[in-house]
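J.: Below is the file structure38.cif, with mmCIF, C-alpha atoms.
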```
data_data
#
loop_
_atom_site.label_atom_id
_atom_site.label_comp_id
_atom_site.auth_asym_id
_atom_site.auth_seq_id
_atom_site.Cartn_x
_atom_site.Cartn_y
_atom_site.Cartn_z
CA MET A 1 0.00 0.00 0.00
CA SER A 2 1.29 3.46 -0.89
CA ALA A 3 1.44 6.13 1.82
CA LEU A 4 -1.10 8.41 0.11
CA GLU A 5 -3.20 5.72 -1.53
CA GLY A 6 -6.79 6.90 -1.88
CA VAL A 7 -5.91 10.61 -1.74
CA ARG A 8 -7.28 12.36 -4.84
CA VAL A 9 -5.40 15.41 -6.05
CA LEU A 10 -6.69 17.76 -8.73
CA ASP A 11 -3.57 19.34 -10.18
CA MET A 12 -4.06 22.70 -11.92
CA THR A 13 -0.37 23.56 -11.81
CA HIS A 14 2.04 24.36 -14.63
CA VAL A 15 5.72 25.05 -15.28
CA GLN A 16 7.80 23.98 -12.21
CA SER A 17 6.86 25.09 -8.69
CA GLY A 18 3.41 23.48 -8.70
CA PRO A 19 4.23 20.35 -10.74
CA SER A 20 7.22 19.63 -8.49
CA ALA A 21 4.86 19.56 -5.49
CA THR A 22 2.19 17.40 -7.09
CA GLN A 23 4.81 15.01 -8.46
CA VAL A 24 5.98 14.29 -4.90
CA LEU A 25 2.36 13.62 -3.91
CA ALA A 26 2.04 11.27 -6.90
CA TRP A 27 5.28 9.51 -6.00
CA LEU A 28 3.91 8.95 -2.51
CA GLY A 29 0.83 7.26 -3.94
CA ALA A 30 -1.80 9.95 -4.40
CA ASP A 31 -3.96 9.80 -7.53
CA VAL A 32 -2.85 13.05 -9.13
CA VAL A 33 -5.01 14.15 -12.06
CA LYS A 34 -3.32 16.93 -13.99
CA LEU A 35 -5.96 19.25 -15.41
CA GLU A 36 -4.68 20.99 -18.54
CA ALA A 37 -6.18 23.34 -21.08
CA PRO A 38 -6.69 21.60 -24.44
CA THR A 39 -3.40 23.20 -25.55
CA GLY A 40 -1.55 21.61 -22.62
CA ASP A 41 1.00 22.74 -20.04
CA ILE A 42 3.32 25.22 -21.77
CA THR A 43 6.39 23.23 -20.74
CA ARG A 44 5.37 20.30 -22.93
CA LYS A 45 6.83 22.29 -25.85
CA GLN A 46 9.52 24.32 -24.08
CA LEU A 47 13.21 23.41 -24.48
CA ARG A 48 12.41 20.43 -26.68
CA ASP A 49 15.28 18.15 -27.60
CA VAL A 50 13.11 15.67 -29.53
CA ASP A 51 10.74 17.01 -32.18
CA GLU A 52 7.02 16.39 -31.61
CA ALA A 53 7.60 14.86 -28.19
CA ASP A 54 7.02 16.25 -24.71
CA SER A 55 10.11 18.05 -23.46
CA LEU A 56 12.27 16.83 -20.62
CA TYR A 57 11.15 19.97 -18.81
CA PHE A 58 7.65 18.50 -18.70
CA THR A 59 8.40 14.80 -18.38
CA MET A 60 10.76 15.23 -15.41
CA LEU A 61 8.18 17.18 -13.40
CA ASN A 62 5.03 15.21 -14.13
CA CYS A 63 5.79 11.55 -13.53
CA ASN A 64 3.19 9.26 -11.96
CA LYS A 65 0.26 11.55 -12.87
CA ARG A 66 -2.81 11.21 -15.08
CA SER A 67 -3.70 13.94 -17.58
CA ILE A 68 -7.11 15.30 -18.52
CA THR A 69 -7.97 18.31 -20.67
CA LEU A 70 -10.73 20.77 -19.91
CA ASN A 71 -11.72 24.15 -21.32
CA MET A 72 -12.41 26.15 -18.18
CA LYS A 73 -13.80 29.06 -20.22
CA SER A 74 -16.83 27.02 -21.22
CA ASP A 75 -19.93 26.50 -19.08
CA ALA A 76 -19.69 22.75 -19.54
CA GLY A 77 -16.04 22.87 -18.50
CA LYS A 78 -16.92 24.74 -15.31
CA GLU A 79 -19.67 22.25 -14.55
CA ILE A 80 -17.26 19.33 -14.92
CA PHE A 81 -14.65 21.14 -12.85
CA THR A 82 -17.22 21.61 -10.07
CA LYS A 83 -17.87 17.86 -10.04
CA LEU A 84 -14.14 17.11 -9.97
CA VAL A 85 -13.64 19.46 -7.02
CA ALA A 86 -16.46 17.74 -5.15
CA ASP A 87 -14.71 14.41 -5.76
CA SER A 88 -11.18 15.54 -4.76
CA ASP A 89 -9.27 15.75 -1.51
CA VAL A 90 -6.72 18.31 -2.67
CA LEU A 91 -6.67 21.07 -5.29
CA VAL A 92 -3.32 22.63 -6.18
CA GLU A 93 -2.75 25.66 -8.42
CA ASN A 94 0.04 28.13 -9.15
CA PHE A 95 -1.67 30.66 -11.41
CA GLY A 96 -1.20 34.39 -10.94
CA PRO A 97 -3.03 35.95 -7.98
CA GLY A 98 -6.80 35.96 -8.46
CA THR A 99 -6.86 33.78 -11.60
CA VAL A 100 -8.94 30.97 -10.11
CA ASP A 101 -11.22 33.55 -8.48
CA ARG A 102 -11.86 35.11 -11.90
CA MET A 103 -12.84 31.69 -13.21
CA GLY A 104 -15.69 31.86 -10.69
CA PHE A 105 -14.10 29.63 -8.07
CA THR A 106 -13.16 31.63 -5.00
CA TRP A 107 -12.06 29.84 -1.85
CA GLU A 108 -15.54 30.41 -0.42
CA LYS A 109 -17.09 28.81 -3.51
CA LEU A 110 -14.69 25.87 -3.48
CA ARG A 111 -15.31 25.28 0.22
CA GLU A 112 -19.04 25.35 -0.45
CA ILE A 113 -18.62 22.70 -3.16
CA ASN A 114 -16.40 20.53 -0.94
CA PRO A 115 -16.00 21.45 2.76
CA LYS A 116 -13.27 18.83 3.14
CA LEU A 117 -11.13 20.24 0.32
CA VAL A 118 -7.50 21.17 0.95
CA TYR A 119 -6.83 24.03 -1.46
CA ALA A 120 -3.13 24.77 -1.99
CA SER A 121 -1.91 27.84 -3.85
CA ILE A 122 1.64 28.75 -4.81
CA LYS A 123 2.32 32.41 -5.51
CA GLY A 124 5.41 34.51 -6.03
CA PHE A 125 4.88 36.71 -3.01
CA GLY A 126 2.71 37.15 0.04
CA ASP A 127 0.21 39.92 0.67
CA GLY A 128 1.61 43.41 0.29
CA PRO A 129 3.36 45.59 -2.30
CA TYR A 130 4.83 42.60 -4.19
CA THR A 131 1.62 40.57 -4.43
CA HIS A 132 1.01 41.07 -8.15
CA PHE A 133 4.65 41.02 -9.26
CA LYS A 134 5.53 38.22 -11.66
CA ALA A 135 7.81 35.66 -10.04
CA TYR A 136 10.27 33.30 -11.63
CA GLU A 137 12.95 31.08 -10.13
CA VAL A 138 15.73 33.66 -10.06
CA VAL A 139 13.37 36.51 -9.12
CA ALA A 140 12.51 34.52 -5.99
CA GLN A 141 16.22 33.95 -5.34
CA ALA A 142 16.86 37.67 -5.78
CA MET A 143 14.12 38.75 -3.38
CA GLY A 144 14.47 35.92 -0.87
CA GLY A 145 18.05 36.61 0.23
CA SER A 146 19.90 34.02 -1.84
CA MET A 147 21.52 36.08 -4.60
CA SER A 148 22.90 38.86 -2.41
CA THR A 149 24.81 36.28 -0.38
CA THR A 150 25.96 34.03 -3.24
CA GLY A 151 29.19 34.63 -5.16
CA PHE A 152 32.56 36.17 -4.38
CA GLU A 153 32.91 39.53 -2.67
CA ASP A 154 34.51 41.19 -5.68
CA GLY A 155 31.88 39.85 -8.10
CA PRO A 156 28.17 40.28 -8.84
CA PRO A 157 25.36 38.50 -7.00
CA LEU A 158 24.82 35.01 -8.42
CA ALA A 159 21.91 32.63 -8.82
CA THR A 160 22.31 29.11 -7.52
CA GLY A 161 21.91 26.21 -9.92
CA ALA A 162 19.57 24.51 -7.46
CA GLN A 163 15.96 25.46 -8.14
CA ILE A 164 15.28 26.68 -4.63
CA GLY A 165 12.65 29.16 -5.83
CA ASP A 166 10.53 26.69 -7.81
CA SER A 167 11.17 23.16 -6.57
CA GLY A 168 12.09 24.47 -3.12
CA THR A 169 8.67 26.07 -2.91
CA GLY A 170 7.13 22.84 -4.17
CA ILE A 171 8.55 20.89 -1.24
CA HIS A 172 7.28 23.50 1.22
CA THR A 173 3.85 23.15 -0.39
CA VAL A 174 3.90 19.37 0.03
CA ALA A 175 4.56 19.87 3.76
CA GLY A 176 1.57 22.22 4.01
CA ILE A 177 -0.74 19.87 2.13
CA LEU A 178 0.21 16.87 4.24
CA ALA A 179 -0.26 18.89 7.44
CA ALA A 180 -3.71 20.02 6.27
CA LEU A 181 -4.71 16.45 5.39
CA LEU A 182 -3.60 15.26 8.82
CA GLN A 183 -5.56 18.04 10.53
CA ARG A 184 -8.59 17.13 8.44
CA GLU A 185 -8.46 13.65 9.97
CA ARG A 186 -9.07 15.32 13.34
CA THR A 187 -11.51 18.08 12.36
CA GLY A 188 -13.21 16.79 9.20
CA ALA A 189 -12.65 20.17 7.54
CA GLY A 190 -10.37 21.24 4.72
CA GLN A 191 -8.39 24.47 4.65
CA ARG A 192 -6.33 26.84 2.54
CA VAL A 193 -2.59 26.25 2.12
CA SER A 194 -0.62 29.21 0.77
CA VAL A 195 3.09 29.24 -0.03
CA ALA A 196 5.01 32.14 -1.58
CA MET A 197 8.22 31.54 -3.52
CA GLN A 198 9.95 34.50 -1.85
CA HIS A 199 9.04 33.11 1.56
CA ALA A 200 10.31 29.61 0.74
CA VAL A 201 13.67 30.97 -0.44
CA LEU A 202 13.92 33.11 2.69
CA ASN A 203 13.32 30.03 4.84
CA LEU A 204 16.24 28.35 3.06
CA CYS A 205 18.40 31.44 3.69
CA ARG A 206 17.79 31.59 7.42
CA VAL A 207 21.50 31.28 8.30
CA LYS A 208 22.17 34.51 6.42
CA LEU A 209 19.53 36.26 8.52
CA ARG A 210 21.28 34.79 11.55
CA ASP A 211 24.54 36.34 10.38
CA GLN A 212 22.87 39.67 9.62
CA GLN A 213 22.04 39.95 13.31
CA ARG A 214 25.47 38.73 14.40
CA LEU A 215 27.03 41.62 12.47
CA ALA A 216 25.82 43.98 15.17
CA HIS A 217 28.49 42.46 17.41
CA GLY A 218 31.39 42.67 14.97
CA PRO A 219 32.91 40.95 11.92
CA LEU A 220 31.93 37.40 11.01
CA ARG A 221 35.24 35.74 11.74
CA GLU A 222 34.49 32.45 9.96
CA TYR A 223 33.94 34.37 6.72
CA PRO A 224 37.03 34.94 4.52
CA ASN A 225 36.13 38.58 3.83
CA ALA A 226 38.62 41.26 4.84
CA GLU A 227 36.02 43.94 5.48
CA PHE A 228 32.42 43.99 6.72
CA GLY A 229 29.75 46.61 6.30
CA ASP A 230 26.20 46.54 7.63
CA GLU A 231 25.00 43.58 5.55
CA VAL A 232 26.09 39.97 5.10
CA PRO A 233 28.64 39.85 2.29
CA ARG A 234 29.11 37.32 -0.47
CA SER A 235 31.70 34.91 0.87
CA GLY A 236 32.63 32.64 -2.01
CA ASN A 237 32.71 28.99 -1.02
CA ALA A 238 33.01 29.56 2.70
CA SER A 239 30.64 27.37 4.67
CA GLY A 240 29.52 30.25 6.89
CA GLY A 241 29.00 27.72 9.66
CA GLY A 242 30.87 26.73 12.77
CA GLN A 243 33.49 24.74 10.86
CA PRO A 244 35.49 26.42 8.03
CA GLY A 245 35.27 24.88 4.58
CA TRP A 246 36.41 25.65 1.05
CA ALA A 247 36.52 24.14 -2.44
CA VAL A 248 40.13 23.37 -3.34
CA ARG A 249 41.46 22.45 -6.76
CA CYS A 250 42.59 18.96 -7.71
CA ALA A 251 44.43 17.37 -10.62
CA PRO A 252 44.18 17.50 -13.58
CA GLY A 253 42.65 20.95 -13.21
CA GLY A 254 39.36 20.66 -15.13
CA ASP A 255 36.28 22.79 -14.51
CA ASN A 256 34.97 20.46 -11.81
CA ASP A 257 38.22 19.04 -10.49
CA TYR A 258 37.60 20.36 -7.01
CA ILE A 259 36.84 18.90 -3.63
CA TYR A 260 35.11 20.66 -0.76
CA VAL A 261 37.00 20.22 2.50
CA ILE A 262 35.81 21.08 6.01
CA VAL A 263 38.40 21.48 8.74
CA GLN A 264 37.05 20.40 12.11
CA PRO A 265 39.22 20.74 15.23
CA GLN A 266 39.90 16.99 15.28
CA GLY A 267 40.63 17.00 11.56
CA TRP A 268 43.57 19.38 11.66
CA ALA A 269 46.21 16.83 12.74
CA PRO A 270 45.47 14.27 9.99
CA ILE A 271 45.20 17.04 7.39
CA ALA A 272 48.54 18.51 8.45
CA LYS A 273 50.16 15.09 8.08
CA LEU A 274 48.55 14.43 4.69
CA ILE A 275 49.73 17.74 3.24
CA GLY A 276 53.26 17.13 4.52
CA ARG A 277 53.19 19.78 7.26
CA PRO A 278 53.14 17.73 10.51
CA GLU A 279 55.01 20.49 12.36
CA LEU A 280 51.85 22.61 12.21
CA ILE A 281 49.95 20.21 14.47
CA ASP A 282 51.51 21.67 17.63
CA ASP A 283 52.52 25.07 16.27
CA PRO A 284 50.66 27.63 18.43
CA ASP A 285 50.01 29.73 15.32
CA TRP A 286 48.07 26.81 13.78
CA ALA A 287 47.19 24.32 16.48
CA THR A 288 43.76 25.63 17.48
CA PRO A 289 40.64 26.67 15.54
CA GLU A 290 40.99 30.18 17.00
CA ALA A 291 44.56 30.44 15.75
CA ARG A 292 43.61 29.30 12.27
CA LEU A 293 40.55 31.52 11.99
CA SER A 294 42.50 34.64 11.04
CA LYS A 295 44.30 32.89 8.19
CA LEU A 296 41.78 30.57 6.62
CA ASP A 297 42.87 31.63 3.13
CA LYS A 298 46.45 30.54 3.83
CA MET A 299 45.26 27.30 5.43
CA PHE A 300 43.23 26.29 2.38
CA SER A 301 46.06 27.38 0.07
CA MET A 302 48.35 24.91 1.83
CA ILE A 303 45.75 22.19 1.52
CA GLU A 304 45.35 23.02 -2.17
CA GLU A 305 49.10 22.69 -2.75
CA TRP A 306 48.61 19.04 -1.80
CA THR A 307 45.30 18.40 -3.58
CA LEU A 308 46.66 19.79 -6.85
CA ASN A 309 48.91 16.72 -7.03
CA HIS A 310 46.00 14.26 -6.80
CA ASP A 311 42.66 13.74 -8.49
CA LYS A 312 39.54 14.43 -6.45
CA TRP A 313 38.72 10.76 -5.97
CA SER A 314 42.15 10.06 -4.47
CA VAL A 315 41.77 13.07 -2.19
CA LEU A 316 38.30 11.85 -1.20
CA ALA A 317 39.67 8.45 -0.25
CA ALA A 318 42.61 9.87 1.71
CA LEU A 319 40.51 12.35 3.69
CA ASN A 320 37.71 9.88 4.43
CA GLU A 321 40.27 7.45 5.81
CA HIS A 322 40.74 10.03 8.58
CA ASN A 323 37.05 10.99 8.87
CA VAL A 324 37.65 14.44 7.43
CA PRO A 325 34.35 15.80 6.02
CA CYS A 326 34.70 16.41 2.30
CA GLY A 327 32.96 15.94 -1.00
CA PRO A 328 34.10 16.07 -4.62
CA ILE A 329 32.38 18.59 -6.86
CA LEU A 330 30.28 16.35 -9.12
CA SER A 331 29.42 17.56 -12.58
CA THR A 332 25.98 16.89 -14.06
CA LYS A 333 27.58 14.23 -16.25
CA GLU A 334 29.11 12.52 -13.23
CA ILE A 335 25.82 12.67 -11.36
CA ILE A 336 23.72 11.20 -14.17
CA GLU A 337 26.27 8.37 -14.49
CA ASP A 338 26.75 7.81 -10.74
CA THR A 339 26.16 4.17 -9.88
CA SER A 340 25.38 4.85 -6.20
CA LEU A 341 22.65 7.33 -7.13
CA ALA A 342 21.21 4.78 -9.53
CA ALA A 343 21.37 2.08 -6.86
CA ASN A 344 19.42 4.40 -4.54
CA ASP A 345 16.79 5.02 -7.23
CA MET A 346 17.74 8.69 -7.42
CA ILE A 347 18.71 8.50 -11.09
CA VAL A 348 16.10 6.35 -12.81
CA SER A 349 15.42 5.42 -16.42
CA VAL A 350 11.87 5.80 -17.69
CA ASP A 351 10.42 4.70 -21.02
CA HIS A 352 8.23 7.18 -22.88
CA PRO A 353 6.03 6.34 -25.89
CA GLU A 354 7.06 9.47 -27.83
CA ARG A 355 10.66 10.13 -26.87
CA GLY A 356 11.88 6.70 -25.80
CA GLU A 357 13.93 6.14 -22.67
CA PHE A 358 15.10 9.11 -20.62
CA LYS A 359 16.64 9.58 -17.20
CA THR A 360 15.01 11.52 -14.42
CA VAL A 361 15.41 12.19 -10.73
CA GLY A 362 13.79 9.69 -8.40
CA CYS A 363 11.92 10.36 -5.18
CA PRO A 364 14.28 11.58 -2.42
CA ILE A 365 11.80 10.59 0.31
CA LYS A 366 12.26 6.93 1.22
CA LEU A 367 9.49 5.15 3.13
CA SER A 368 10.20 1.63 4.37
CA ASP A 369 6.68 0.28 3.79
CA SER A 370 5.78 2.07 0.56
CA PRO A 371 8.66 2.27 -1.91
CA VAL A 372 8.20 4.59 -4.87
CA GLN A 373 8.17 3.36 -8.45
CA VAL A 374 8.68 6.22 -10.88
CA GLN A 375 6.32 6.01 -13.85
CA ARG A 376 6.37 8.11 -17.01
CA SER A 377 4.57 11.41 -17.38
CA PRO A 378 1.18 11.32 -19.14
CA LEU A 379 0.52 12.37 -22.73
CA LEU A 380 -1.77 15.35 -23.10
CA GLY A 381 -5.32 14.29 -22.24
CA GLU A 382 -4.30 10.64 -22.10
CA HIS A 383 -6.66 9.88 -19.22
CA THR A 384 -9.56 12.23 -19.95
CA ALA A 385 -11.98 9.47 -20.91
CA GLU A 386 -10.78 7.20 -18.11
CA VAL A 387 -11.15 9.81 -15.35
CA PHE A 388 -14.48 11.16 -16.62
CA ARG A 389 -15.96 7.67 -16.77
CA GLU A 390 -14.51 6.57 -13.46
CA ARG A 391 -15.28 9.64 -11.37
CA LEU A 392 -18.11 11.41 -13.12
CA GLY A 393 -19.96 8.59 -14.88
CA ILE A 394 -19.68 10.28 -18.28
CA ASP A 395 -20.27 7.80 -21.12
CA GLU A 396 -18.79 7.62 -24.61
CA SER A 397 -21.56 9.63 -26.29
CA GLU A 398 -21.16 12.47 -23.77
CA LEU A 399 -17.39 12.38 -24.23
CA ALA A 400 -17.81 12.67 -27.98
CA GLU A 401 -20.13 15.64 -27.52
CA LEU A 402 -17.71 17.36 -25.13
CA LYS A 403 -14.92 16.90 -27.63
CA ALA A 404 -17.02 18.18 -30.52
CA ASN A 405 -17.89 21.30 -28.49
CA GLY A 406 -14.26 22.01 -27.60
CA VAL A 407 -14.75 21.33 -23.88
CA ILE A 408 -12.04 18.66 -23.86
#
```
Kindly transcribe the structure held in the file into structure tokens.
T.:
Amino acid sequence: MSALEGVRVLDMTHVQSGPSATQVLAWLGADVVKLEAPTGDITRKQLRDVDEADSLYFTMLNCNKRSITLNMKSDAGKEIFTKLVADSDVLVENFGPGTVDRMGFTWEKLREINPKLVYASIKGFGDGPYTHFKAYEVVAQAMGGSMSTTGFEDGPPLATGAQIGDSGTGIHTVAGILAALLQRERTGAGQRVSVAMQHAVLNLCRVKLRDQQRLAHGPLREYPNAEFGDEVPRSGNASGGGQPGWAVRCAPGGDNDYIYVIVQPQGWAPIAKLIGRPELIDDPDWATPEARLSKLDKMFSMIEEWTLNHDKWSVLAALNEHNVPCGPILSTKEIIEDTSLAANDMIVSVDHPERGEFKTVGCPIKLSDSPVQVQRSPLLGEHTAEVFRERLGIDESELAELKANGVI
């Protein structure tokens, strides 16, 4: 039995933030019905690498779902939508503010149709001056605290390659939906779940807000920056945590021939021996974390002098032998070919009727009693007839009429 077996999700999401949330629900066993306009989710055609086939953008965000089409501008479409809402546990949407309201389905109306409905909305921003601003991944990073603190101090703010604005918000939304479903078990009533992309990014940047307040008491000593103003600076690859870390270069010197090394107090002695500087173990200028804190750049330069003579995998093995926290910088090519990720079902191969086999990311949430099997994304409207028959009792003649009238 799957964890969310029996939970019916009506998925009105598109692009990434919403589909990433509903895909997790589908992975966990919910019956996720993706409701699309007859033209389909825009990402089906975006960034195509195979002509006349759904893009990887779409297929990698919509696995394990069923697809139906419905023209919400038609009266018949709104009638069918009303019946679907009445038959669903969860409705998820990430349209612009007020879009679903303008369709005639305010929260009050939806709650009237189905008092047990959990209605989840993803928006760019919360209530206030930003409410109607358009939000995209990097806009959320810019306004959530990520970009101002990412990069090197002498360079511009940078976006992170991780989709913390879109998929990060999706995971926050999943948490809200599951909490609302659990509360419904106790109260019998549904509720609204609202998540803003800016807010989700801010939640992921909480340590930078921590450091903003610490600045009132002086420089952030674990940062490599020489000067501090009244805001948290960009600090390159510094960990910004209690233990200093940095990405150091390895042989043969390619773009991703780096390893990230963290120097804990107990790790200094084995590191000093490995880099051929055992005399620094007891040297008062280097022996303690406090002593090293003022010269972290020199410390990592010494470590790099050693790592430059070895490839990152050899460095990884040597450091792990002494329990020194570290990790090689893995390229996307190395990740997609990583056997351990494949063995953990985090890189999975999926067969698709239009594009053939492709690789996608598996479910990162592992449940002992309900393992996830990743299934391909649906073709546009592939399950319209199936869902309408199964849930609404619509027969073949009615389906033909709906199609002829442009409703589906």
J.: Report as a PyMOL selection string the residues that result from applying the PyMOL selection byres ((chain A and resi 34-47) around 9) to the structure here.
T.: chain A and resi 9-16+19+22+32-33+48-49+52-59+62+65-72+378+380-381+406-408
J.: Which one of A:Gly236, A:Gly6, A:Gly393, A:Gly362 sits closest to A:Gly155 if you count all atoms listed in the file?
T.: A:Gly236
J.: Would you mind telling me which residue in A:Ile171, A:Arg184, A:Asn405, A:Gly151 lies nearest to A:Pro364 when using all atoms listed in the file?
T.: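 Closest candidate: A:Ile171.
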J.: Which residue out of A:Asn114, A:Thr169, A:Thr99, A:Thr288 has the minimum interatomic distance to A:Ala86 when all atoms listed in the file are used?
T.: A:Asn114
J.: Could you spell out the hits of the PyMOL selection byres ((chain A and resi 376) around 7) on the shown file, as a ChimeraX atom specification?
T.: /A:63-64,350-352,374-375,377-378
J.: Do you have the atom CA of A:Met147-atom CA of A:Gln23 distance handy?
T.: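 Answer for the atom CA of A:Met147 to atom CA of A:Gln23 separation: 27.2 Å.
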J.: Nearest to A:Glu390 among A:Ser368, A:Val324, A:Leu84, A:Arg102, with distances taken over all atoms listed in the file: which residue is it?
T.: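 Residue with the minimum atom-to-atom distance to A:Glu390: A:Leu84.
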J.: If we count only C-alpha atoms, what is near A:Leu204 at a cut-off of 10 Å, once residues fewer than 3 positions away on the same chain are taken out, given as an NGL selection string?
T.: :A and (144-146 or 164-165 or 168-169 or 199-201 or 207-208)
J.: Of the candidates A:Ile113, A:Leu319, A:Ala343, A:Val232, which shows the shortest atom-to-atom distance to A:Val261, using only C-alpha atoms?
T.: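 For A:Val261, the nearest of the candidates is A:Leu319.
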J.: Could you state the separation of atom CA of A:Thr106 and atom CA of A:Val7 in Å, given to one decimal place?
T.: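 These atoms are spaced 22.5 Å apart.
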J.: Just the number, please: distance in Å from atom CA of A:Lys298 to atom CA of A:Gly240, one decimal.
T.: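 A separation of 17.2 Å between them.
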J.: Could you state which residues are captured by the PyMOL selection byres ((chain A and resi 239) around 10) in this file, as a compact mmCIF listing (two decimals) with C-alpha atoms, in the frame of the given file?
T.:
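result-v4.txt, written as the output of this step:
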```
# COMPACT_ATOMS: atom_id res chain seq x y z
CA GLU A 222 34.49 32.45 9.96
CA TYR A 223 33.94 34.37 6.72
CA PRO A 224 37.03 34.94 4.52
CA SER A 235 31.70 34.91 0.87
CA GLY A 236 32.63 32.64 -2.01
CA ASN A 237 32.71 28.99 -1.02
CA ALA A 238 33.01 29.56 2.70
CA GLY A 240 29.52 30.25 6.89
CA GLY A 241 29.00 27.72 9.66
CA GLY A 242 30.87 26.73 12.77
CA GLN A 243 33.49 24.74 10.86
CA PRO A 244 35.49 26.42 8.03
CA GLY A 245 35.27 24.88 4.58
CA TRP A 246 36.41 25.65 1.05
CA ALA A 247 36.52 24.14 -2.44
CA TYR A 260 35.11 20.66 -0.76
CA VAL A 261 37.00 20.22 2.50
CA ILE A 262 35.81 21.08 6.01
```
J.: Quick one: contact table of stretch 163-235 of chain A to stretch 115-130 of chain A, 6 Å max, nearest atom pair and distance in Å to one decimal per residue, counting only C-alpha atoms, chain and number order, as JSON lines?
T.:
```
{"residue": "A:Ala189", "atom": "CA", "partner": "A:Lys116", "partner_atom": "CA", "distance": 4.6}
{"residue": "A:Gly190", "atom": "CA", "partner": "A:Lys116", "partner_atom": "CA", "distance": 4.1}
{"residue": "A:Gln191", "atom": "CA", "partner": "A:Val118", "partner_atom": "CA", "distance": 5.0}
{"residue": "A:Arg192", "atom": "CA", "partner": "A:Tyr119", "partner_atom": "CA", "distance": 4.9}
{"residue": "A:Val193", "atom": "CA", "partner": "A:Ala120", "partner_atom": "CA", "distance": 4.4}
{"residue": "A:Ser194", "atom": "CA", "partner": "A:Ser121", "partner_atom": "CA", "distance": 5.0}
{"residue": "A:Val195", "atom": "CA", "partner": "A:Ile122", "partner_atom": "CA", "distance": 5.0}
{"residue": "A:Ala196", "atom": "CA", "partner": "A:Lys123", "partner_atom": "CA", "distance": 4.8}
{"residue": "A:Met197", "atom": "CA", "partner": "A:Gly124", "partner_atom": "CA", "distance": 4.8}
{"residue": "A:Gln198", "atom": "CA", "partner": "A:Phe125", "partner_atom": "CA", "distance": 5.7}
```
J.: Please identify all polymer residues within 9 Å of A:Ala385, counting only C-alpha atoms, omitting same-chain residues fewer than 6 positions from it, and present them as a list of chain:residue names.
T.: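 Close residues of A:Ala385: A:Ile68, A:Ile394, A:Asp395, A:Glu396, A:Leu399.
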J.: At a cut-off of 7 Å, using all atoms listed in the file, what residues contact A:Asp257? Leave out same-chain residues fewer than 5 positions from it and give the result as a PyMOL selection string.
T.: chain A and resi 249-252+312+329
J.: May I ask you to restore N, CA, C and O atoms in stretch 243-252 of chain A and write the result as a PDB file, keeping the file's coordinate frame?
T.:
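Saved the output as result02.pdb:
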```pdb
ATOM      1  N   GLN A 243      32.252  25.368  11.286  1.00  0.00           N
ATOM      2  CA  GLN A 243      33.490  24.740  10.860  1.00  0.00           C
ATOM      3  C   GLN A 243      33.875  25.297   9.478  1.00  0.00           C
ATOM      4  O   GLN A 243      33.074  25.255   8.546  1.00  0.00           O
ATOM      5  N   PRO A 244      35.099  25.826   9.321  1.00  0.00           N
ATOM      6  CA  PRO A 244      35.490  26.420   8.030  1.00  0.00           C
ATOM      7  C   PRO A 244      35.603  25.375   6.929  1.00  0.00           C
ATOM      8  O   PRO A 244      36.078  24.260   7.150  1.00  0.00           O
ATOM      9  N   GLY A 245      35.167  25.757   5.729  1.00  0.00           N
ATOM     10  CA  GLY A 245      35.270  24.880   4.580  1.00  0.00           C
ATOM     11  C   GLY A 245      35.560  25.668   3.317  1.00  0.00           C
ATOM     12  O   GLY A 245      35.321  26.881   3.254  1.00  0.00           O
ATOM     13  N   TRP A 246      36.081  24.983   2.305  1.00  0.00           N
ATOM     14  CA  TRP A 246      36.410  25.650   1.050  1.00  0.00           C
ATOM     15  C   TRP A 246      36.553  24.601  -0.051  1.00  0.00           C
ATOM     16  O   TRP A 246      36.867  23.440   0.219  1.00  0.00           O
ATOM     17  N   ALA A 247      36.306  25.014  -1.290  1.00  0.00           N
ATOM     18  CA  ALA A 247      36.520  24.140  -2.440  1.00  0.00           C
ATOM     19  C   ALA A 247      37.943  24.341  -2.941  1.00  0.00           C
ATOM     20  O   ALA A 247      38.309  25.452  -3.335  1.00  0.00           O
ATOM     21  N   VAL A 248      38.732  23.281  -2.896  1.00  0.00           N
ATOM     22  CA  VAL A 248      40.130  23.370  -3.340  1.00  0.00           C
ATOM     23  C   VAL A 248      40.316  22.576  -4.624  1.00  0.00           C
ATOM     24  O   VAL A 248      39.655  21.568  -4.857  1.00  0.00           O
ATOM     25  N   ARG A 249      41.237  23.049  -5.439  1.00  0.00           N
ATOM     26  CA  ARG A 249      41.460  22.450  -6.760  1.00  0.00           C
ATOM     27  C   ARG A 249      42.208  21.119  -6.655  1.00  0.00           C
ATOM     28  O   ARG A 249      43.022  20.915  -5.766  1.00  0.00           O
ATOM     29  N   CYS A 250      41.914  20.263  -7.623  1.00  0.00           N
ATOM     30  CA  CYS A 250      42.590  18.960  -7.710  1.00  0.00           C
ATOM     31  C   CYS A 250      43.111  18.761  -9.128  1.00  0.00           C
ATOM     32  O   CYS A 250      42.756  19.501 -10.057  1.00  0.00           O
ATOM     33  N   ALA A 251      43.949  17.735  -9.287  1.00  0.00           N
ATOM     34  CA  ALA A 251      44.430  17.370 -10.620  1.00  0.00           C
ATOM     35  C   ALA A 251      43.294  16.687 -11.383  1.00  0.00           C
ATOM     36  O   ALA A 251      42.413  16.075 -10.770  1.00  0.00           O
ATOM     37  N   PRO A 252      43.229  16.796 -12.699  1.00  0.00           N
ATOM     38  CA  PRO A 252      44.180  17.500 -13.580  1.00  0.00           C
ATOM     39  C   PRO A 252      43.827  18.958 -13.836  1.00  0.00           C
ATOM     40  O   PRO A 252      44.391  19.579 -14.739  1.00  0.00           O
TER      41      PRO A 252
END
```
